[in-house]
Each structure stands twice: as C-alpha cells, then as structure tokens.
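Next comes coords19.cif, a file with mmCIF, C-alpha atoms and all ligand atoms.
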data_target
loop_
_atom_site.label_atom_id
_atom_site.label_comp_id
_atom_site.auth_asym_id
_atom_site.auth_seq_id
_atom_site.Cartn_x
_atom_site.Cartn_y
_atom_site.Cartn_z
CA MET A 102 -72.34 76.96 75.41
CA THR A 103 -70.40 73.73 75.17
CA VAL A 104 -72.44 70.65 74.28
CA ILE A 105 -71.38 67.40 75.94
CA LEU A 106 -72.16 64.20 74.02
CA LYS A 107 -71.66 60.83 75.68
CA ILE A 108 -70.55 58.25 73.12
CA LYS A 109 -69.74 54.58 73.74
CA LYS A 110 -66.24 53.68 72.67
CA THR A 111 -67.18 50.09 71.91
CA ALA A 112 -70.01 51.06 69.54
CA PRO A 113 -69.91 54.75 68.55
CA ASP A 114 -73.44 56.04 67.84
CA GLU A 115 -73.48 57.15 64.19
CA ASP A 116 -75.93 60.00 64.69
CA LYS A 117 -73.87 61.52 67.46
CA ILE A 118 -70.66 61.12 65.46
CA ALA A 119 -72.40 62.79 62.48
CA ARG A 120 -73.41 65.70 64.74
CA ALA A 121 -69.83 66.16 65.96
CA ALA A 122 -68.52 65.87 62.37
CA ARG A 123 -70.90 68.64 61.30
CA VAL A 124 -69.39 70.95 63.92
CA ILE A 125 -65.93 70.21 62.48
CA LYS A 126 -67.08 70.81 58.88
CA GLU A 127 -68.59 74.13 59.93
CA GLY A 128 -65.24 75.22 61.35
CA GLY A 129 -65.95 74.50 65.03
CA LEU A 130 -63.94 72.81 67.79
CA VAL A 131 -64.69 69.31 69.11
CA ALA A 132 -62.83 67.66 71.99
CA PHE A 133 -62.63 63.89 71.60
CA PRO A 134 -60.96 60.95 73.34
CA THR A 135 -57.94 59.12 71.94
CA GLU A 136 -56.03 56.22 73.51
CA THR A 137 -53.47 58.68 74.95
CA VAL A 138 -55.28 61.83 76.18
CA TYR A 139 -58.26 63.93 74.99
CA GLY A 140 -57.58 66.04 71.89
CA LEU A 141 -59.12 69.34 70.79
CA GLY A 142 -60.01 68.78 67.15
CA ALA A 143 -60.46 71.10 64.19
CA ASP A 144 -60.38 70.65 60.39
CA ALA A 145 -56.68 70.54 59.46
CA PHE A 146 -57.42 72.40 56.22
CA ASN A 147 -59.38 75.27 57.77
CA PRO A 148 -57.01 78.01 59.01
CA ALA A 149 -59.82 79.95 60.72
CA ALA A 150 -60.79 76.87 62.75
CA ILE A 151 -57.15 76.23 63.66
CA GLU A 152 -56.86 79.82 64.83
CA LYS A 153 -59.70 79.13 67.29
CA ILE A 154 -57.67 76.31 68.86
CA PHE A 155 -54.78 78.65 69.65
CA ILE A 156 -57.18 81.16 71.18
CA ALA A 157 -59.19 78.64 73.25
CA LYS A 158 -56.06 76.98 74.67
CA GLY A 159 -53.99 80.13 75.02
CA ARG A 160 -51.38 78.21 73.06
CA PRO A 161 -48.16 79.92 71.94
CA ARG A 162 -48.27 80.54 68.19
CA ASP A 163 -44.96 78.83 67.49
CA ASN A 164 -46.09 75.46 68.89
CA PRO A 165 -47.22 73.28 65.95
CA LEU A 166 -50.11 70.78 65.99
CA ILE A 167 -50.40 67.06 65.31
CA VAL A 168 -52.62 66.05 62.39
CA HIS A 169 -54.79 62.99 63.12
CA ILE A 170 -55.73 60.67 60.26
CA ALA A 171 -58.09 57.70 60.02
CA ASP A 172 -56.37 55.84 57.21
CA ARG A 173 -53.15 55.94 55.23
CA SER A 174 -54.79 57.42 52.14
CA MET A 175 -55.01 60.72 54.05
CA LEU A 176 -51.20 60.87 54.21
CA ALA A 177 -50.85 61.61 50.53
CA ASN A 178 -52.48 64.97 51.00
CA LEU A 179 -50.25 65.94 53.95
CA ALA A 180 -46.70 64.63 53.57
CA ARG A 181 -44.30 65.21 50.70
CA SER A 182 -42.63 61.84 51.26
CA PHE A 183 -43.02 58.83 53.49
CA PRO A 184 -39.53 57.46 54.20
CA ARG A 185 -39.13 53.70 54.38
CA ARG A 186 -38.38 53.60 58.10
CA ALA A 187 -41.30 55.89 58.95
CA ARG A 188 -43.56 53.63 56.93
CA ALA A 189 -42.26 50.56 58.77
CA LEU A 190 -43.05 52.15 62.12
CA SER A 191 -46.52 53.15 60.98
CA GLU A 192 -47.20 49.60 59.85
CA LYS A 193 -46.27 48.29 63.27
CA PHE A 194 -47.76 50.95 65.56
CA TRP A 195 -50.70 52.61 63.75
CA PRO A 196 -53.33 53.05 64.90
CA GLY A 197 -51.51 53.83 68.15
CA PRO A 198 -49.56 56.29 70.31
CA LEU A 199 -46.93 57.19 67.72
CA THR A 200 -46.57 60.52 65.87
CA LEU A 201 -44.33 60.84 62.80
CA VAL A 202 -42.82 64.17 61.78
CA LEU A 203 -42.50 64.30 57.97
CA LYS A 204 -41.86 66.93 55.31
CA LYS A 205 -45.13 68.69 54.65
CA LYS A 206 -46.93 69.38 51.41
CA ALA A 207 -47.09 73.06 50.52
CA HIS A 208 -50.89 73.32 50.73
CA VAL A 209 -51.01 72.21 54.39
CA PRO A 210 -51.86 75.47 56.17
CA ALA A 211 -48.91 77.21 57.81
CA GLU A 212 -51.03 77.45 60.99
CA VAL A 213 -50.82 73.65 61.42
CA SER A 214 -47.07 73.53 61.68
CA ALA A 215 -46.44 77.04 63.00
CA GLY A 216 -44.53 77.94 59.88
CA LEU A 217 -42.23 74.88 59.88
CA SER A 218 -41.70 72.91 56.67
CA THR A 219 -42.68 69.71 58.48
CA VAL A 220 -45.92 68.18 59.69
CA ALA A 221 -46.59 65.80 62.59
CA ILE A 222 -49.05 62.97 61.83
CA ARG A 223 -50.64 60.20 63.83
CA MET A 224 -53.46 57.65 63.56
CA PRO A 225 -55.10 57.36 66.98
CA ALA A 226 -56.32 53.98 68.30
CA ASN A 227 -59.78 54.95 69.45
CA PRO A 228 -62.96 54.04 67.52
CA ILE A 229 -64.61 57.39 68.39
CA ALA A 230 -61.64 59.38 67.09
CA LEU A 231 -61.40 57.29 63.92
CA SER A 232 -65.14 57.53 63.15
CA LEU A 233 -65.11 61.27 63.78
CA ILE A 234 -62.23 61.81 61.33
CA ARG A 235 -63.94 59.62 58.72
CA ALA A 236 -67.32 61.32 59.14
CA ALA A 237 -65.73 64.77 58.93
CA GLY A 238 -63.96 63.64 55.74
CA THR A 239 -60.83 65.56 56.69
CA PRO A 240 -57.79 65.02 58.90
CA LEU A 241 -58.08 66.77 62.27
CA VAL A 242 -55.45 68.84 64.01
CA ALA A 243 -55.70 68.03 67.71
CA PRO A 244 -53.49 69.25 70.51
CA SER A 245 -54.24 67.92 73.98
CA ALA A 246 -57.54 69.46 75.09
CA ASN A 247 -56.21 71.41 78.08
CA LEU A 248 -55.50 75.06 78.65
CA SER A 249 -51.89 75.61 77.60
CA GLY A 250 -49.56 74.64 80.45
CA ARG A 251 -52.10 72.50 82.36
CA PRO A 252 -51.89 68.70 82.67
CA SER A 253 -53.35 66.91 79.63
CA PRO A 254 -56.95 65.74 80.12
CA THR A 255 -57.57 62.03 80.61
CA ARG A 256 -61.33 62.41 81.21
CA ALA A 257 -64.07 64.52 79.62
CA ARG A 258 -64.52 66.26 82.98
CA HIS A 259 -60.91 67.56 82.79
CA VAL A 260 -61.67 69.06 79.37
CA ARG A 261 -64.80 70.75 80.73
CA GLU A 262 -62.81 72.19 83.67
CA ASP A 263 -60.35 73.86 81.28
CA LEU A 264 -62.36 74.58 78.12
CA GLY A 265 -66.05 74.53 79.09
CA GLY A 266 -67.70 77.56 77.45
CA LEU A 267 -64.75 78.05 75.08
CA ILE A 268 -65.37 75.23 72.58
CA ASP A 269 -68.40 73.86 70.73
CA LEU A 270 -68.56 70.25 71.77
CA ILE A 271 -66.97 67.66 74.06
CA ILE A 272 -67.34 63.97 73.30
CA ASP A 273 -67.32 62.05 76.57
CA GLY A 274 -65.93 58.65 75.67
CA GLY A 275 -64.69 57.66 79.12
CA SER A 276 -61.17 57.77 80.47
CA THR A 277 -58.18 57.44 78.16
CA PRO A 278 -56.36 54.12 78.66
CA ILE A 279 -52.74 55.27 78.26
CA GLY A 280 -53.01 58.65 79.98
CA MET A 281 -49.92 60.31 78.48
CA GLU A 282 -49.24 61.78 75.03
CA SER A 283 -47.88 59.92 72.01
CA THR A 284 -44.24 59.26 71.20
CA VAL A 285 -43.08 61.82 68.61
CA VAL A 286 -40.41 60.69 66.11
CA ASP A 287 -38.86 63.10 63.62
CA PHE A 288 -37.96 61.70 60.18
CA THR A 289 -36.86 64.96 58.59
CA GLY A 290 -33.27 65.01 59.86
CA ARG A 291 -30.32 62.82 59.00
CA TYR A 292 -31.31 60.19 61.55
CA PRO A 293 -34.69 59.47 63.07
CA LYS A 294 -34.97 61.22 66.42
CA ILE A 295 -37.37 60.85 69.33
CA LEU A 296 -38.67 64.34 70.15
CA ARG A 297 -41.03 63.25 72.92
CA PRO A 298 -40.99 59.90 74.75
CA GLY A 299 -44.32 58.07 74.92
CA ALA A 300 -45.88 54.65 75.25
CA VAL A 301 -44.10 53.41 72.11
CA THR A 302 -40.61 53.06 73.56
CA ALA A 303 -37.17 53.64 72.03
CA ALA A 304 -36.45 49.91 72.32
CA GLN A 305 -39.64 49.04 70.41
CA ILE A 306 -38.72 51.55 67.70
CA GLU A 307 -35.14 50.34 67.40
CA ALA A 308 -36.33 46.75 67.11
CA ILE A 309 -38.05 47.76 63.85
CA ILE A 310 -35.83 50.42 62.25
CA GLY A 311 -32.47 50.34 64.04
CA PRO A 312 -30.81 53.27 65.84
CA VAL A 313 -32.77 56.40 66.74
CA ILE A 314 -31.54 59.49 68.52
CA PRO A 315 -33.07 59.32 72.00
CA ALA A 316 -35.26 62.05 73.50
CA GLY A 317 -33.42 64.94 75.09
CA GLU A 318 -30.26 64.42 73.08
CA ARG A 319 -30.09 67.54 70.94
CA GLU A 320 -27.85 67.84 67.95
CA ASP A 321 -28.68 71.46 67.90
CA THR A 322 -29.06 73.27 71.21
CA PHE A 323 -29.61 76.58 69.50
CA GLN A 324 -33.07 75.78 68.21
CA PRO A 325 -35.10 72.91 69.64
CA LYS A 326 -36.77 70.93 66.87
CA SER A 327 -40.01 70.30 68.70
CA PRO A 328 -41.08 73.82 69.57
CA GLY A 329 -43.49 72.53 72.23
CA MET A 330 -40.59 71.16 74.24
CA LYS A 331 -39.45 74.54 75.42
CA TYR A 332 -42.69 75.33 77.22
CA ARG A 333 -43.58 74.31 80.74
CA HIS A 334 -46.02 71.46 80.34
CA TYR A 335 -48.33 69.29 82.36
CA ALA A 336 -47.96 71.56 85.32
CA PRO A 337 -50.24 71.63 88.34
CA ARG A 338 -51.00 75.04 89.87
CA ALA A 339 -49.25 73.96 93.04
CA ARG A 340 -45.50 74.26 93.20
CA MET A 341 -44.04 70.86 92.41
CA ILE A 342 -40.69 69.38 93.39
CA LEU A 343 -39.37 66.12 91.96
CA VAL A 344 -36.93 64.60 94.43
CA GLU A 345 -34.17 62.42 92.98
CA GLY A 346 -31.54 60.18 94.59
CA GLU A 347 -31.50 57.16 96.89
CA ASP A 348 -31.96 59.15 100.08
CA PHE A 349 -35.24 60.55 98.75
CA ARG A 350 -37.23 59.69 101.89
CA GLU A 351 -34.98 61.82 104.13
CA LYS A 352 -34.98 64.62 101.55
CA ILE A 353 -38.76 64.60 101.41
CA CYS A 354 -39.08 64.69 105.22
CA THR A 355 -36.73 67.70 105.28
CA LEU A 356 -38.73 69.47 102.57
CA ILE A 357 -41.95 68.91 104.53
CA THR A 358 -40.40 70.25 107.73
CA GLU A 359 -38.93 73.27 105.96
CA ALA A 360 -42.25 74.06 104.28
CA GLY A 361 -43.89 74.40 107.68
CA ARG A 362 -47.24 73.13 108.86
CA GLU A 363 -49.36 75.95 107.55
CA ARG A 364 -48.84 74.79 103.99
CA LYS A 365 -50.96 72.11 102.40
CA ILE A 366 -48.51 69.51 101.14
CA ALA A 367 -49.00 66.34 99.11
CA VAL A 368 -46.45 63.64 98.36
CA ILE A 369 -46.86 61.50 95.25
CA GLY A 370 -45.21 58.13 95.80
CA PHE A 371 -44.49 54.96 93.92
CA HIS A 372 -43.85 52.69 96.90
CA GLN A 373 -46.73 51.31 98.91
CA ASP A 374 -44.66 51.34 102.12
CA SER A 375 -43.62 55.01 102.03
CA ARG A 376 -44.77 56.97 105.11
CA TYR A 377 -44.55 60.72 105.60
CA ASP A 378 -45.99 62.90 108.38
CA ASN A 379 -47.90 66.14 107.97
CA CYS A 380 -48.86 65.66 104.37
CA LEU A 381 -51.33 63.92 102.12
CA PHE A 382 -49.71 60.81 100.64
CA VAL A 383 -50.93 59.62 97.24
CA HIS A 384 -49.72 56.26 96.03
CA ALA A 385 -49.72 56.64 92.23
CA GLY A 386 -49.58 52.92 91.50
CA ALA A 387 -47.25 49.98 91.44
CA ARG A 388 -47.05 49.48 87.66
CA SER A 389 -45.93 51.91 84.96
CA ARG A 390 -49.17 51.52 83.03
CA THR A 391 -51.17 52.43 86.12
CA VAL A 392 -48.98 55.42 86.95
CA ALA A 393 -49.18 56.72 83.37
CA ARG A 394 -52.95 56.41 83.32
CA ARG A 395 -53.41 58.13 86.69
CA LEU A 396 -50.72 60.81 87.02
CA PHE A 397 -52.33 63.79 85.23
CA GLY A 398 -55.65 63.13 86.99
CA ILE A 399 -53.86 63.07 90.36
CA LEU A 400 -52.20 66.44 89.64
CA ARG A 401 -55.58 67.96 88.79
CA GLU A 402 -57.20 66.40 91.87
CA LEU A 403 -54.50 67.82 94.18
CA ASP A 404 -55.01 71.25 92.62
CA SER A 405 -58.74 71.11 93.22
CA GLN A 406 -58.06 70.20 96.87
CA GLY A 407 -56.03 73.39 97.23
CA VAL A 408 -52.68 71.66 97.74
CA GLU A 409 -49.89 74.27 97.59
CA LEU A 410 -46.81 72.07 97.40
CA ILE A 411 -46.55 68.72 95.63
CA ILE A 412 -43.46 66.63 96.26
CA SER A 413 -42.83 63.59 94.07
CA GLU A 414 -40.74 60.59 94.98
CA PRO A 415 -38.24 59.62 92.24
CA TYR A 416 -39.79 57.32 89.67
CA PRO A 417 -38.18 53.89 90.07
CA ALA A 418 -36.94 52.33 86.83
CA ARG A 419 -39.37 49.58 85.95
CA ASP A 420 -39.69 49.14 82.19
CA GLY A 421 -39.74 50.96 78.87
CA LEU A 422 -42.43 53.39 80.00
CA ASP A 423 -40.09 54.91 82.61
CA LEU A 424 -38.76 57.57 80.26
CA MET A 425 -42.22 58.83 79.37
CA ILE A 426 -43.28 59.06 83.02
CA LEU A 427 -40.02 60.68 84.12
CA ASP A 428 -40.28 63.18 81.26
CA ARG A 429 -43.78 64.24 82.38
CA LEU A 430 -42.76 64.40 86.07
CA ARG A 431 -39.77 66.59 85.22
CA LYS A 432 -41.91 68.87 83.08
CA ALA A 433 -44.58 69.12 85.78
CA ALA A 434 -41.82 70.13 88.19
CA GLY A 435 -40.93 72.91 85.78
CA ALA A 436 -37.79 71.57 84.15
CA GLU A 437 -37.18 72.76 80.63
CA GLY A 438 -37.94 69.84 78.31
O1 LIG A 501 -51.06 61.81 72.17
C1 LIG A 501 -50.97 62.88 71.59
O2 LIG A 501 -50.07 63.14 70.78
C2 LIG A 501 -52.08 63.93 71.87
C3 LIG A 501 -53.41 63.36 71.34
C4 LIG A 501 -54.54 64.35 71.46
O3 LIG A 501 -53.23 62.91 70.03
N1 LIG A 501 -51.77 65.18 71.26
C5 LIG A 501 -50.80 66.00 71.75
O4 LIG A 501 -50.71 67.23 71.09
O5 LIG A 501 -50.10 65.72 72.70
P1 LIG A 501 -49.92 68.48 71.68
O6 LIG A 501 -50.23 69.59 70.75
O7 LIG A 501 -50.28 68.65 73.10
O8 LIG A 501 -48.41 68.10 71.51
C6 LIG A 501 -47.84 68.06 70.22
C7 LIG A 501 -46.34 67.98 70.30
C8 LIG A 501 -45.73 69.31 70.74
O9 LIG A 501 -44.62 69.07 71.57
C9 LIG A 501 -45.31 69.91 69.39
O10 LIG A 501 -44.28 70.84 69.50
C10 LIG A 501 -44.89 68.66 68.62
O11 LIG A 501 -45.82 67.68 69.01
N2 LIG A 501 -44.98 68.89 67.17
C11 LIG A 501 -46.10 69.09 66.43
N3 LIG A 501 -45.78 69.30 65.13
C12 LIG A 501 -44.43 69.23 65.05
C13 LIG A 501 -43.49 69.38 63.98
N4 LIG A 501 -43.88 69.64 62.74
N5 LIG A 501 -42.17 69.26 64.28
C14 LIG A 501 -41.77 68.98 65.54
N6 LIG A 501 -42.61 68.84 66.60
C15 LIG A 501 -43.92 68.97 66.35
MG MG A 502 -50.27 69.28 75.04
#
Write out the structure in this file as structure tokens.
Amino acid sequence: MTVILKIKKTAPDEDKIARAARVIKEGGLVAFPTETVYGLGADAFNPAAIEKIFIAKGRPRDNPLIVHIADRSMLANLARSFPRRARALSEKFWPGPLTLVLKKKAHVPAEVSAGLSTVAIRMPANPIALSLIRAAGTPLVAPSANLSGRPSPTRARHVREDLGGLIDLIIDGGSTPIGMESTVVDFTGRYPKILRPGAVTAAQIEAIIGPVIPAGEREDTFQPKSPGMKYRHYAPRARMILVEGEDFREKICTLITEAGRERKIAVIGFHQDSRYDNCLFVHAGARSRTVARRLFGILRELDSQGVELIISEPYPARDGLDLMILDRLRKAAGAEG
C-alpha cells in the first residue's frame, strides 16, 4: 500500500512532513517533489533503504544516486573537499537545479555512489523537499521517481503510475516547475565538466567560474564518468524518432506515409503553424521553459493513448535551455547519451 499525502508547497503542513520523515527514519521510501522532477527519497546513510530504491525502480546497480541536502552544514559529512569553484557555484545556484560531483567521504555508503570515490550533491529549491530533509535529520538520496528507463515524473500521478504499490509514501506537492533534471557538474577531474545539461546553463556556469568542459565532450571515451549516461533514459514506450535538419516537415510527412495508416502516430512540434495529416499533432509550447515543463508529461500521455510511433520536430535553438531539451529528446529517441 502506497500512502498519498497532499502537501501545500507554499506552506508545508508540519504534521504531514513529520509523518513522511518518520517513514524515512524507519528506512522506507518517500517520493517528493523538487523544482526539477519528483525524487524517490531514502536516508543516504541507510544502505538497506538505498537497496530498496534500486529494487523499486529496477535501476542498474552501477548508476549512482544524488544526495539531497537542506543546508551547507550537511556537506561536511559527505564530501572530502569543497573546491573553490564548486563553492562559488553553490553560492549562486543553491537551492536550485544544480548537482555538484565531489570527492566523497569514506563513510558515505558505497551503495550511494555505486562504488565510485565521488558523490553527487544538490540542494533542491522546493520547500517540501527542504522541510522533509530537515525533519528526517539526514540527507536523502533521491533518483527521479520513475521506473528505470521511463520519463521522469513531473506530477504525483506519474509517480503513482510507475511506483504505486512499490513504495511507502508519495507526497503530492503539485507539478514540478522546471520539468527536467538538474545540471550535473563534476569537480573531481582536472577541469570542471558538465555531465548532464540542465536548467543551469553552461553560460551561467562560465560566467561565475570560467571555462567548463561542455556536456557530451568526453575526455575519456572508454569509461563514461556519469554512469547513468549510458542508459536509455526518458523513453516513452512508443518508438520515437527525432527528426533533424531544415527539411524536417517533408521528412516527417514521408515517415508518416511510410508508417502506414494502421499505426497510431503522434508528432510533437515546436511551431504553432506545423500541419501534418494522419497523425495526432501536439504543440509542445513556444518557449523553452514551457517545453521543458511539459515534455515528459506529453510522452507519458501519448503512451497512455496507445500511440505506437512518436515523431519529434527538431528543437529550434531559442536560448540556454536548448541543450537540456535536445539532450532529453535525443535520449527519448534512444540515442546513447
Ligand atoms: O533534478 C534531479 O537531479 C533529480 C531530482 C529528483 O533531484 N534527480 C535525478 O536523479 O535526476 P537521477 O538518479 O535520475 O539522475 C542522477 C544522475 C545520473 O545520470 C547519475 O549517473 C549521475 O547523476 N550521478 C550520480 N552520482 C554521480 C557521481 N558520483 N558521479 C557521476 N555522476 C553521478
Ligand atoms: Mg532519472
């Protein structure tokens, strides 16, 4: 049985938070909203609880977890050092959609970081998440609260779809404003490196700390540094094709014709004036912020409508959030990250 607790983001009810915190302290799993997507939380210092996360999600064992903190004092217990540039970023962007990979302290359970010598840490910008961490009195590991390989949940209902019956509690705190996962920056190599693009952009990071190695540029192709990047992510059940190039409209029409009429096809578009026959057209939004907030929900909705083929228009370059959105579209279409 999974309990669902509705909590107001603007004024989190203390009794309800205390109830959720008790579940964490007893080694249970609580899904909670952050500003990016819903997370599936467990006590970061309880290996048995962490084990339950991997089982509930069907998550590969070598994919490490992000530790969520409520204030900087919690860092001392997790990271061996806090380099100057990492600190500068945290001062600017925490609480917020930024995760820092640092060298980990020896007593952080190996289960958190899948055996790596590093640990990923972030302070989420959501009053429910912050009160839950404080009330539990421990940092929380929290991967996105979806079954492994499914789009990340941006509403409590998405969490229930994937994990209902498998976890102890879901906090319903409304929809998540950003809609895509945090930017991950690694500070354990020679230069800071973006492992996953997110709402904190490369340009914003460089404005504070100078050059960073951009996402996707690997110094070391033999072993990807962010283990999660090698898995197919954010994928709908339907087959998905991301069309690129200027002649995308013709390409999409050809794909629809080739697929034949018996198939249920949807096209996700970013231009209000796009028109395609014999398919369901979904306009994902005119602004990056809107597209980011809506995309994962759209993928889930198309799945529940039984769509078999999803075709996406290319994402037009608009602003600094482009990279994050393109990254998720490519991953949904099955590209290796
Ligand atoms: O916005 C977010 O970051 C959300 C919310 C819930 O906070 N969480 C999230 O967690 O997206 P998850 O587990 O779905 O993705 C974590 C990513 C994975 O790609 C993982 O490989 C990477 O962070 N990661 C975690 N620890 C790492 C480490 N020590 N070194 C390198 N990459 C790490
Ligand atoms: Mg995830």
For this session: Would you work out the distance separating atom O3 of ligand LIG 501 (chain A) from atom CA of A:Val202, expressed in Å to one decimal?
Result: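 Going from atom O3 of ligand LIG 501 (chain A) over to atom CA of A:Val202, I get 13.3 Å.
Proximity ranking of A:Ala189, A:Thr200, A:Ile105, A:Asp428 relative to A:Ala308 places A:Ala189 first, based on all atoms listed in the file.
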Exercise. A:Val408, A:Ile108, A:Met425, A:Ile306: which is nearest ligand LIG 501 (chain A), counting only C-alpha atoms and all ligand atoms?
Worked result: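 With only C-alpha atoms and all ligand atoms as the atom set, the closest residue is A:Met425.
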Problem set entry | Nearby polymer residues, ligand MG 502 (chain A), at most 8 Å, all atoms listed in the file, as number ranges by chain | A: 244-247, 249-250, 252-253, 282, 334-335
Problem set entry | All residues having an atom within 8 Å of ligand LIG 501 (chain A) (all atoms listed in the file) as a PyMOL selection string | chain A and resi 134-141+164-167+169+198-200+202-203+213-215+217-223+225+243-246+253+281-285+287+296-297+326-330
Exercise. Taking into account all atoms listed in the file, which residue in the set A:Asp144, A:Asp420, A:Ala236, A:Ile229 is nearest to A:Ala303?
Worked result: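 Nearest candidate to A:Ala303 out of A:Asp144, A:Asp420, A:Ala236, A:Ile229: A:Asp420.
Checking A:Pro293, A:Pro161, A:Pro417, A:Pro210 one by one against A:His372, counting only C-alpha atoms, you find the shortest gap at A:Pro417.
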For this session: Rank nothing, just name the residue among A:Glu307, A:Asp423, A:Glu262, A:Glu414 nearest to A:Cys354, using all atoms listed in the file.
Result: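 Closest residue, counting all atoms listed in the file: A:Glu414.
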Exercise. At what distance in Å, to one decimal, does atom CA of A:Gly197 lie from atom CA of A:Leu427?
Worked result: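 Rounded to one decimal, the two atoms are 20.8 Å apart.
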Exercise. Out of A:Gly142, A:Gly386, A:Gly274, A:Gly361, which residue has the shortest atom-to-atom distance to A:Glu409 when counting all atoms listed in the file?
Worked result: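 So, comparing all the options, the nearest one is A:Gly361.
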What's the 8 Å shell around stretch 130-132 of chain A, counting all atoms listed in the file, without same-chain residues fewer than 6 positions away, as a tab-separated table (two decimals) with C-alpha atoms, in the coordinates of the input?
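Printed below is result.tsv as written:
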chain	number	residue	atom	x	y	z
A	121	ALA	CA	-69.83	66.16	65.96
A	124	VAL	CA	-69.39	70.95	63.92
A	139	TYR	CA	-58.26	63.93	74.99
A	140	GLY	CA	-57.58	66.04	71.89
A	141	LEU	CA	-59.12	69.34	70.79
A	142	GLY	CA	-60.01	68.78	67.15
A	143	ALA	CA	-60.46	71.10	64.19
A	150	ALA	CA	-60.79	76.87	62.75
A	153	LYS	CA	-59.70	79.13	67.29
A	154	ILE	CA	-57.67	76.31	68.86
A	246	ALA	CA	-57.54	69.46	75.09
A	260	VAL	CA	-61.67	69.06	79.37
A	268	ILE	CA	-65.37	75.23	72.58
A	269	ASP	CA	-68.40	73.86	70.73
A	270	LEU	CA	-68.56	70.25	71.77
A	271	ILE	CA	-66.97	67.66	74.06
A	272	ILE	CA	-67.34	63.97	73.30
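The space between atom CA of A:Pro196 and atom CA of A:Ala112 spans 17.4 Å.
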Just stretch 261-277 of chain A from the block, N, CA, C and O atoms, as a tab-separated table (two decimals), in the first residue's frame, could you?
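Wrote decode-v4.tsv, looks like this:
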chain	number	residue	atom	x	y	z
A	261	ARG	N	2.74	7.65	-9.15
A	261	ARG	CA	1.82	6.56	-8.80
A	261	ARG	C	1.73	5.54	-9.94
A	261	ARG	O	1.74	4.34	-9.70
A	262	GLU	N	1.67	6.04	-11.18
A	262	GLU	CA	1.62	5.15	-12.36
A	262	GLU	C	2.77	4.15	-12.33
A	262	GLU	O	2.59	2.97	-12.59
A	263	ASP	N	3.98	4.65	-12.02
A	263	ASP	CA	5.18	3.81	-12.10
A	263	ASP	C	5.43	3.02	-10.81
A	263	ASP	O	5.84	1.87	-10.86
A	264	LEU	N	5.23	3.66	-9.65
A	264	LEU	CA	5.72	3.08	-8.40
A	264	LEU	C	4.63	2.80	-7.36
A	264	LEU	O	4.94	2.38	-6.24
A	265	GLY	N	3.37	3.05	-7.72
A	265	GLY	CA	2.26	2.77	-6.80
A	265	GLY	C	2.34	1.31	-6.36
A	265	GLY	O	2.53	0.42	-7.19
A	266	GLY	N	2.24	1.06	-5.05
A	266	GLY	CA	2.33	-0.30	-4.53
A	266	GLY	C	3.76	-0.75	-4.25
A	266	GLY	O	3.98	-1.74	-3.56
A	267	LEU	N	4.73	-0.01	-4.77
A	267	LEU	CA	6.14	-0.43	-4.59
A	267	LEU	C	6.87	0.41	-3.56
A	267	LEU	O	7.98	0.06	-3.14
A	268	ILE	N	6.30	1.57	-3.19
A	268	ILE	CA	6.98	2.45	-2.23
A	268	ILE	C	6.02	2.82	-1.10
A	268	ILE	O	4.82	2.59	-1.21
A	269	ASP	N	6.54	3.40	-0.01
A	269	ASP	CA	5.70	3.64	1.16
A	269	ASP	C	4.80	4.85	1.02
A	269	ASP	O	3.64	4.81	1.38
A	270	LEU	N	5.34	5.93	0.47
A	270	LEU	CA	4.57	7.17	0.51
A	270	LEU	C	4.90	8.07	-0.68
A	270	LEU	O	6.05	8.11	-1.14
A	271	ILE	N	3.88	8.77	-1.18
A	271	ILE	CA	4.09	9.77	-2.22
A	271	ILE	C	3.57	11.10	-1.70
A	271	ILE	O	2.42	11.18	-1.27
A	272	ILE	N	4.42	12.11	-1.68
A	272	ILE	CA	3.94	13.45	-1.33
A	272	ILE	C	3.49	14.13	-2.62
A	272	ILE	O	4.28	14.31	-3.55
A	273	ASP	N	2.21	14.49	-2.67
A	273	ASP	CA	1.69	15.20	-3.84
A	273	ASP	C	1.80	16.69	-3.56
A	273	ASP	O	1.03	17.25	-2.79
A	274	GLY	N	2.78	17.31	-4.17
A	274	GLY	CA	3.01	18.75	-3.97
A	274	GLY	C	2.81	19.51	-5.27
A	274	GLY	O	3.43	20.54	-5.48
A	275	GLY	N	1.96	18.98	-6.14
A	275	GLY	CA	1.68	19.67	-7.41
A	275	GLY	C	2.71	19.37	-8.47
A	275	GLY	O	3.59	18.52	-8.29
A	276	SER	N	2.61	20.08	-9.59
A	276	SER	CA	3.53	19.80	-10.69
A	276	SER	C	4.86	20.52	-10.46
A	276	SER	O	4.92	21.54	-9.77
A	277	THR	N	5.91	19.94	-11.04
A	277	THR	CA	7.26	20.49	-10.80
A	277	THR	C	7.55	21.59	-11.83
A	277	THR	O	7.41	21.35	-13.03
